[in-house]
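Participant: Structure supplied as work30.cif; contents: mmCIF, C-alpha atoms.
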data_target
#
loop_
_atom_site.label_atom_id
_atom_site.label_comp_id
_atom_site.auth_asym_id
_atom_site.auth_seq_id
_atom_site.Cartn_x
_atom_site.Cartn_y
_atom_site.Cartn_z
CA MET G 1389 2.73 -178.06 -128.94
CA PHE G 1390 0.74 -179.54 -126.11
CA ASP G 1391 -1.58 -178.02 -123.57
CA LEU G 1392 -0.19 -178.24 -120.02
CA PHE G 1393 -3.64 -177.80 -118.54
CA ALA G 1394 -5.37 -180.51 -120.57
CA PRO G 1395 -6.82 -183.31 -118.47
CA GLY G 1396 -4.26 -185.96 -117.67
CA VAL G 1397 -1.19 -183.89 -118.54
CA TYR G 1398 0.82 -182.95 -115.46
CA ARG G 1399 -2.36 -183.03 -113.48
CA LEU G 1400 -3.24 -185.59 -110.88
CA THR G 1401 -6.78 -186.52 -110.14
CA GLU G 1402 -6.14 -185.54 -106.54
CA SER G 1403 -3.93 -182.66 -105.51
CA TYR G 1404 -0.88 -183.78 -103.57
CA TYR G 1405 -1.33 -181.03 -100.99
CA HIS G 1406 -5.04 -181.56 -100.53
CA ARG G 1407 -5.22 -185.33 -100.41
CA ALA G 1408 -6.52 -186.99 -97.29
CA MET G 1409 -3.75 -188.07 -94.97
CA PRO G 1410 -4.05 -191.29 -93.03
CA PRO G 1411 -4.12 -190.75 -89.27
CA ASN G 1412 -0.64 -190.82 -87.81
CA ARG G 1413 -0.46 -191.38 -84.08
CA ASP G 1414 3.15 -190.17 -83.99
CA LEU G 1415 2.11 -186.68 -85.07
CA ALA G 1416 -0.48 -186.25 -82.32
CA PRO G 1417 0.55 -183.63 -79.80
CA PRO G 1418 1.97 -185.20 -76.65
CA ALA G 1419 0.09 -184.91 -73.39
CA ARG G 1420 1.20 -181.90 -71.36
CA ASN G 1421 3.79 -182.88 -68.79
CA THR G 1422 4.04 -179.41 -67.27
CA ALA G 1423 2.09 -177.21 -64.90
CA ASN G 1424 0.45 -175.65 -68.00
CA LEU G 1425 0.87 -172.06 -66.83
CA PRO G 1426 -1.34 -169.45 -68.52
CA ILE G 1427 1.38 -166.76 -68.56
CA PRO G 1428 5.15 -166.65 -67.97
CA PRO G 1429 5.64 -165.94 -64.24
CA PRO G 1430 8.00 -162.95 -64.65
CA LEU G 1431 5.23 -161.15 -66.57
CA LEU G 1432 2.99 -161.44 -63.51
CA TYR G 1433 5.52 -159.25 -61.71
CA PHE G 1434 6.40 -157.02 -64.65
CA ILE G 1435 2.82 -156.04 -65.57
CA PRO G 1436 1.80 -154.76 -62.08
CA PHE G 1437 5.17 -152.99 -61.82
CA LEU G 1438 4.59 -151.33 -65.18
CA ILE G 1439 1.06 -150.32 -64.12
CA GLY G 1440 2.55 -148.75 -60.98
CA VAL G 1441 5.09 -146.82 -63.05
CA LEU G 1442 2.30 -145.65 -65.38
CA PHE G 1443 0.28 -144.51 -62.36
CA HIS G 1444 3.35 -142.63 -61.16
CA HIS G 1445 3.56 -140.75 -64.45
CA LEU G 1446 -0.18 -140.23 -64.89
CA VAL G 1447 -1.32 -139.58 -61.32
CA GLY G 1448 1.88 -138.69 -59.48
CA GLY G 1449 2.08 -137.91 -55.78
CA ASP G 1450 3.94 -141.09 -54.96
CA ARG G 1451 7.54 -139.90 -54.89
CA ILE G 1452 9.61 -140.90 -51.88
CA PRO G 1453 10.54 -137.65 -50.06
CA ALA G 1454 13.92 -136.24 -51.10
CA SER G 1455 15.25 -136.55 -47.55
CA ALA G 1456 14.54 -140.31 -47.52
CA LEU G 1457 15.50 -140.99 -51.14
CA PRO G 1458 19.19 -141.87 -50.54
CA ALA G 1459 18.23 -144.41 -47.85
CA ALA G 1460 15.45 -145.79 -50.06
CA ARG G 1461 17.84 -146.18 -52.97
CA LEU G 1462 20.41 -147.92 -50.77
CA ALA G 1463 17.72 -150.28 -49.46
CA GLY G 1464 16.51 -150.83 -53.03
CA ALA G 1465 20.01 -151.71 -54.23
CA LEU G 1466 20.44 -154.16 -51.35
CA LEU G 1467 17.07 -155.76 -52.07
CA VAL G 1468 17.87 -156.14 -55.77
CA ALA G 1469 21.24 -157.72 -54.88
CA ILE G 1470 19.59 -160.12 -52.40
CA GLY G 1471 16.88 -161.00 -54.93
CA VAL G 1472 19.42 -161.71 -57.66
CA ALA G 1473 21.50 -163.85 -55.26
CA ILE G 1474 18.43 -165.92 -54.30
CA ASN G 1475 17.46 -166.25 -57.96
CA VAL G 1476 20.91 -167.41 -59.04
CA SER G 1477 21.15 -169.91 -56.16
CA ALA G 1478 17.72 -171.32 -57.13
CA TRP G 1479 18.90 -171.77 -60.73
CA ILE G 1480 22.02 -173.53 -59.45
CA ALA G 1481 19.86 -175.85 -57.30
CA PHE G 1482 17.80 -176.76 -60.38
CA HIS G 1483 20.92 -177.47 -62.42
CA ARG G 1484 22.39 -179.66 -59.66
CA VAL G 1485 19.41 -182.01 -59.82
CA ARG G 1486 19.31 -181.71 -63.62
CA THR G 1487 15.78 -180.42 -63.92
CA PRO G 1488 14.77 -177.55 -66.20
CA VAL G 1489 14.23 -174.13 -64.69
CA MET G 1490 11.67 -173.15 -67.31
CA PRO G 1491 8.12 -174.06 -66.25
CA THR G 1492 7.23 -174.87 -69.87
CA LYS G 1493 9.42 -177.98 -69.73
CA PRO G 1494 8.69 -181.15 -67.73
CA THR G 1495 10.13 -181.30 -64.23
CA THR G 1496 12.43 -184.28 -63.80
CA ALA G 1497 13.34 -183.93 -60.10
CA ILE G 1498 12.44 -181.95 -57.02
CA ALA G 1499 15.07 -179.42 -55.98
CA VAL G 1500 15.44 -179.48 -52.20
CA GLY G 1501 18.91 -177.96 -51.78
CA GLY G 1502 20.10 -174.37 -51.68
CA PRO G 1503 17.28 -171.88 -51.10
CA TYR G 1504 14.74 -174.70 -51.50
CA ARG G 1505 15.63 -175.73 -47.94
CA PHE G 1506 13.90 -172.56 -46.68
CA THR G 1507 11.19 -171.84 -49.26
CA ARG G 1508 9.41 -173.86 -51.94
CA THR G 1509 9.27 -170.80 -54.22
CA PRO G 1510 12.65 -169.05 -54.14
CA LEU G 1511 12.41 -167.95 -57.77
CA TYR G 1512 9.10 -166.16 -57.16
CA LEU G 1513 10.30 -164.82 -53.80
CA SER G 1514 13.39 -163.43 -55.50
CA LEU G 1515 11.28 -161.71 -58.16
CA ALA G 1516 9.15 -160.09 -55.44
CA ILE G 1517 12.29 -158.87 -53.65
CA ILE G 1518 13.75 -157.52 -56.91
CA TYR G 1519 10.39 -155.84 -57.66
CA LEU G 1520 10.40 -154.05 -54.29
CA GLY G 1521 14.05 -153.09 -54.66
CA ALA G 1522 13.50 -151.68 -58.15
CA ALA G 1523 10.57 -149.56 -56.92
CA LEU G 1524 12.73 -148.16 -54.12
CA LEU G 1525 15.61 -147.51 -56.52
CA LEU G 1526 13.26 -145.49 -58.70
CA GLY G 1527 11.81 -143.74 -55.67
CA TYR G 1528 8.23 -144.63 -56.68
CA LEU G 1529 5.51 -145.83 -54.31
CA TRP G 1530 2.77 -146.76 -56.81
CA PRO G 1531 4.58 -149.93 -57.89
CA VAL G 1532 4.92 -150.94 -54.22
CA LEU G 1533 1.14 -150.68 -53.88
CA PHE G 1534 0.74 -153.14 -56.77
CA LEU G 1535 3.20 -155.69 -55.33
CA PRO G 1536 0.48 -157.53 -53.33
CA LEU G 1537 -1.48 -157.94 -56.58
CA ALA G 1538 1.57 -159.51 -58.23
CA VAL G 1539 2.06 -161.89 -55.28
CA VAL G 1540 -1.62 -162.94 -55.32
CA LEU G 1541 -1.48 -163.52 -59.09
CA ILE G 1542 1.67 -165.63 -58.73
CA ALA G 1543 0.15 -167.64 -55.89
CA ARG G 1544 -3.12 -168.35 -57.69
CA LEU G 1545 -2.11 -168.63 -61.34
CA VAL G 1546 1.35 -170.16 -61.01
CA ILE G 1547 2.24 -171.67 -57.65
CA ALA G 1548 -1.09 -173.45 -57.15
CA ARG G 1549 -0.81 -175.05 -60.61
CA GLU G 1550 2.83 -175.99 -60.12
CA GLU G 1551 2.14 -177.58 -56.74
CA THR G 1552 -0.77 -179.59 -58.15
CA TYR G 1553 1.44 -180.71 -61.05
CA LEU G 1554 4.36 -181.66 -58.77
CA GLU G 1555 2.13 -183.57 -56.37
CA GLY G 1556 0.57 -185.46 -59.26
CA LYS G 1557 3.96 -186.27 -60.75
CA PHE G 1558 6.00 -187.03 -57.62
CA GLY G 1559 3.25 -188.03 -55.16
CA ALA G 1560 4.38 -188.69 -51.59
CA GLU G 1561 7.91 -187.37 -52.25
CA TYR G 1562 6.58 -183.90 -53.09
CA ALA G 1563 3.89 -184.04 -50.37
CA SER G 1564 6.60 -184.72 -47.76
CA TYR G 1565 8.69 -181.82 -49.08
CA ARG G 1566 5.63 -179.53 -49.18
CA ASP G 1567 4.77 -180.38 -45.58
CA SER G 1568 8.32 -179.71 -44.34
CA VAL G 1569 9.14 -176.43 -46.17
CA ARG G 1570 7.11 -173.22 -46.18
CA ARG G 1571 5.80 -171.79 -49.44
CA TRP G 1572 7.31 -168.31 -49.10
CA LEU G 1573 9.41 -167.97 -45.93
#
Please render this file's structure as structure tokens.

Facilitator:
Amino acid sequence: MFDLFAPGVYRLTESYYHRAMPPNRDLAPPARNTANLPIPPPLLYFIPFLIGVLFHHLVGGDRIPASALPAARLAGALLVAIGVAINVSAWIAFHRVRTPVMPTKPTTAIAVGGPYRFTRTPLYLSLAIIYLGAALLLGYLWPVLFLPLAVVLIARLVIAREETYLEGKFGAEYASYRDSVRRWL
């Protein structure tokens, strides 16, 4: 019988898994070709909305009066429908120019059709409209008070980075578009 752990038997002088690997340039992470956003944009709307709902349950006193609630809910439903329509049309505009909608993927073209004729940020505008509509549907006012925070966060953490990225990638083409179309409305 032989000893499996004796030197030289089934044992290499250097462990296969711990040996030094030669540098491989192909395995280096690629340079970021995105706006490098710190957080997914929908979360910047969802978190303030959730904080508003929590304030509603913890603090209270923000309920829309019962006499105005049916009108508020109707307005909320209309706002949600308008927001969804804008969002869907923005997605369609992205697909027409064959550029990804997700900000974590490189932009391949500038969408200038559909809602992008009127606003450079229809996806974020639609999320703000849906946010307001959802708050009215619930009949809560606290979330409405946090909507400006969500818009400021989107403008500073997302839109500013995306615009810098797009101007760096597309240069004069994006600058011309930026100068001819408003950011929000």

Participant: Closest to Leu1511 in chain G among G:Gly1527, G:Pro1494, G:Pro1536, G:Ala1478, using all atoms listed in the file?

Facilitator: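 Of all the options, G:Ala1478 lies closest to Leu1511 in chain G.
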
Participant: Return the single residue from G:Ile1542, G:Ala1499, G:Leu1432, G:Ile1470 that is closest to His1483 in chain G, with distances computed using only C-alpha atoms.

Facilitator: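 Distance minimum relative to His1483 in chain G lands on G:Ala1499.
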
Participant: Expand the PyMOL selection byres ((chain G and resi 1480) around 12) into the explicit residue set it covers here, and present it as a list in words.

Facilitator: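 Residues picked by the PyMOL selection byres ((chain G and resi 1480) around 12): Ala1473, Ile1474, Asn1475, Val1476, Ser1477, Ala1478, Trp1479, Ala1481, Phe1482, His1483, Arg1484, Val1485, Arg1486, Thr1487, Pro1488, Val1489, Ala1499, Val1500, Gly1501, Gly1502, Pro1503, Tyr1504, Pro1510 and Leu1511 of chain G.
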
Participant: With distances taken over only C-alpha atoms, which residue among G:Val1447, G:Ala1516, G:Leu1554, G:Ile1427 lies nearest Leu1537 in chain G?

Facilitator: G:Ala1516

Participant: Report as a PyMOL selection string the residues that result from applying the PyMOL selection byres ((chain G and resi 1548-1551) around 12) to the structure here.

Facilitator: chain G and resi 1421-1427+1429+1490-1495+1498+1508-1509+1540-1547+1552-1559+1562-1563+1565-1567+1571

Participant: Of the candidates G:Ile1518, G:Arg1570, G:Tyr1528, G:Leu1442, which shows the shortest atom-to-atom distance to Ala1456 in chain G, using all atoms listed in the file?

Facilitator: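 Closest residue, counting all atoms listed in the file: G:Tyr1528.
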
Participant: Which of these, G:Leu1466, G:Trp1572, G:Trp1530, G:Val1539, has the shortest distance to Asp1450 in chain G once you count all atoms listed in the file?

Facilitator: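 Looking at the shortest contact to Asp1450 in chain G, the residue is G:Trp1530.
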
Participant: Check the smallest atom-to-atom distance from each of G:Glu1561, G:Ala1463, G:Gly1449, G:Tyr1433 to Leu1529 in chain G using only C-alpha atoms, then report the winner.

Facilitator: G:Gly1449

Participant: Report the residues retrieved by the PyMOL selection byres ((chain G and resi 1523) around 12) from the displayed file, expressed as a CSV table (one decimal) with C-alpha atoms, keeping the file's coordinate frame.

Facilitator:
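Listing of selection-v3.csv after writing:
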chain,number,residue,atom,x,y,z
G,1433,TYR,CA,5.5,-159.2,-61.7
G,1434,PHE,CA,6.4,-157.0,-64.6
G,1436,PRO,CA,1.8,-154.8,-62.1
G,1437,PHE,CA,5.2,-153.0,-61.8
G,1438,LEU,CA,4.6,-151.3,-65.2
G,1439,ILE,CA,1.1,-150.3,-64.1
G,1440,GLY,CA,2.6,-148.8,-61.0
G,1441,VAL,CA,5.1,-146.8,-63.0
G,1444,HIS,CA,3.4,-142.6,-61.2
G,1450,ASP,CA,3.9,-141.1,-55.0
G,1451,ARG,CA,7.5,-139.9,-54.9
G,1452,ILE,CA,9.6,-140.9,-51.9
G,1457,LEU,CA,15.5,-141.0,-51.1
G,1460,ALA,CA,15.4,-145.8,-50.1
G,1461,ARG,CA,17.8,-146.2,-53.0
G,1462,LEU,CA,20.4,-147.9,-50.8
G,1463,ALA,CA,17.7,-150.3,-49.5
G,1464,GLY,CA,16.5,-150.8,-53.0
G,1465,ALA,CA,20.0,-151.7,-54.2
G,1467,LEU,CA,17.1,-155.8,-52.1
G,1468,VAL,CA,17.9,-156.1,-55.8
G,1516,ALA,CA,9.2,-160.1,-55.4
G,1517,ILE,CA,12.3,-158.9,-53.6
G,1518,ILE,CA,13.8,-157.5,-56.9
G,1519,TYR,CA,10.4,-155.8,-57.7
G,1520,LEU,CA,10.4,-154.0,-54.3
G,1521,GLY,CA,14.0,-153.1,-54.7
G,1522,ALA,CA,13.5,-151.7,-58.2
G,1524,LEU,CA,12.7,-148.2,-54.1
G,1525,LEU,CA,15.6,-147.5,-56.5
G,1526,LEU,CA,13.3,-145.5,-58.7
G,1527,GLY,CA,11.8,-143.7,-55.7
G,1528,TYR,CA,8.2,-144.6,-56.7
G,1529,LEU,CA,5.5,-145.8,-54.3
G,1530,TRP,CA,2.8,-146.8,-56.8
G,1531,PRO,CA,4.6,-149.9,-57.9
G,1532,VAL,CA,4.9,-150.9,-54.2
G,1533,LEU,CA,1.1,-150.7,-53.9
G,1534,PHE,CA,0.7,-153.1,-56.8
G,1535,LEU,CA,3.2,-155.7,-55.3

Participant: Tell me, in Å to one decimal, how far CA of Val1569 in chain G is from CA of Leu1513 in chain G.

Facilitator: 13.9 Å
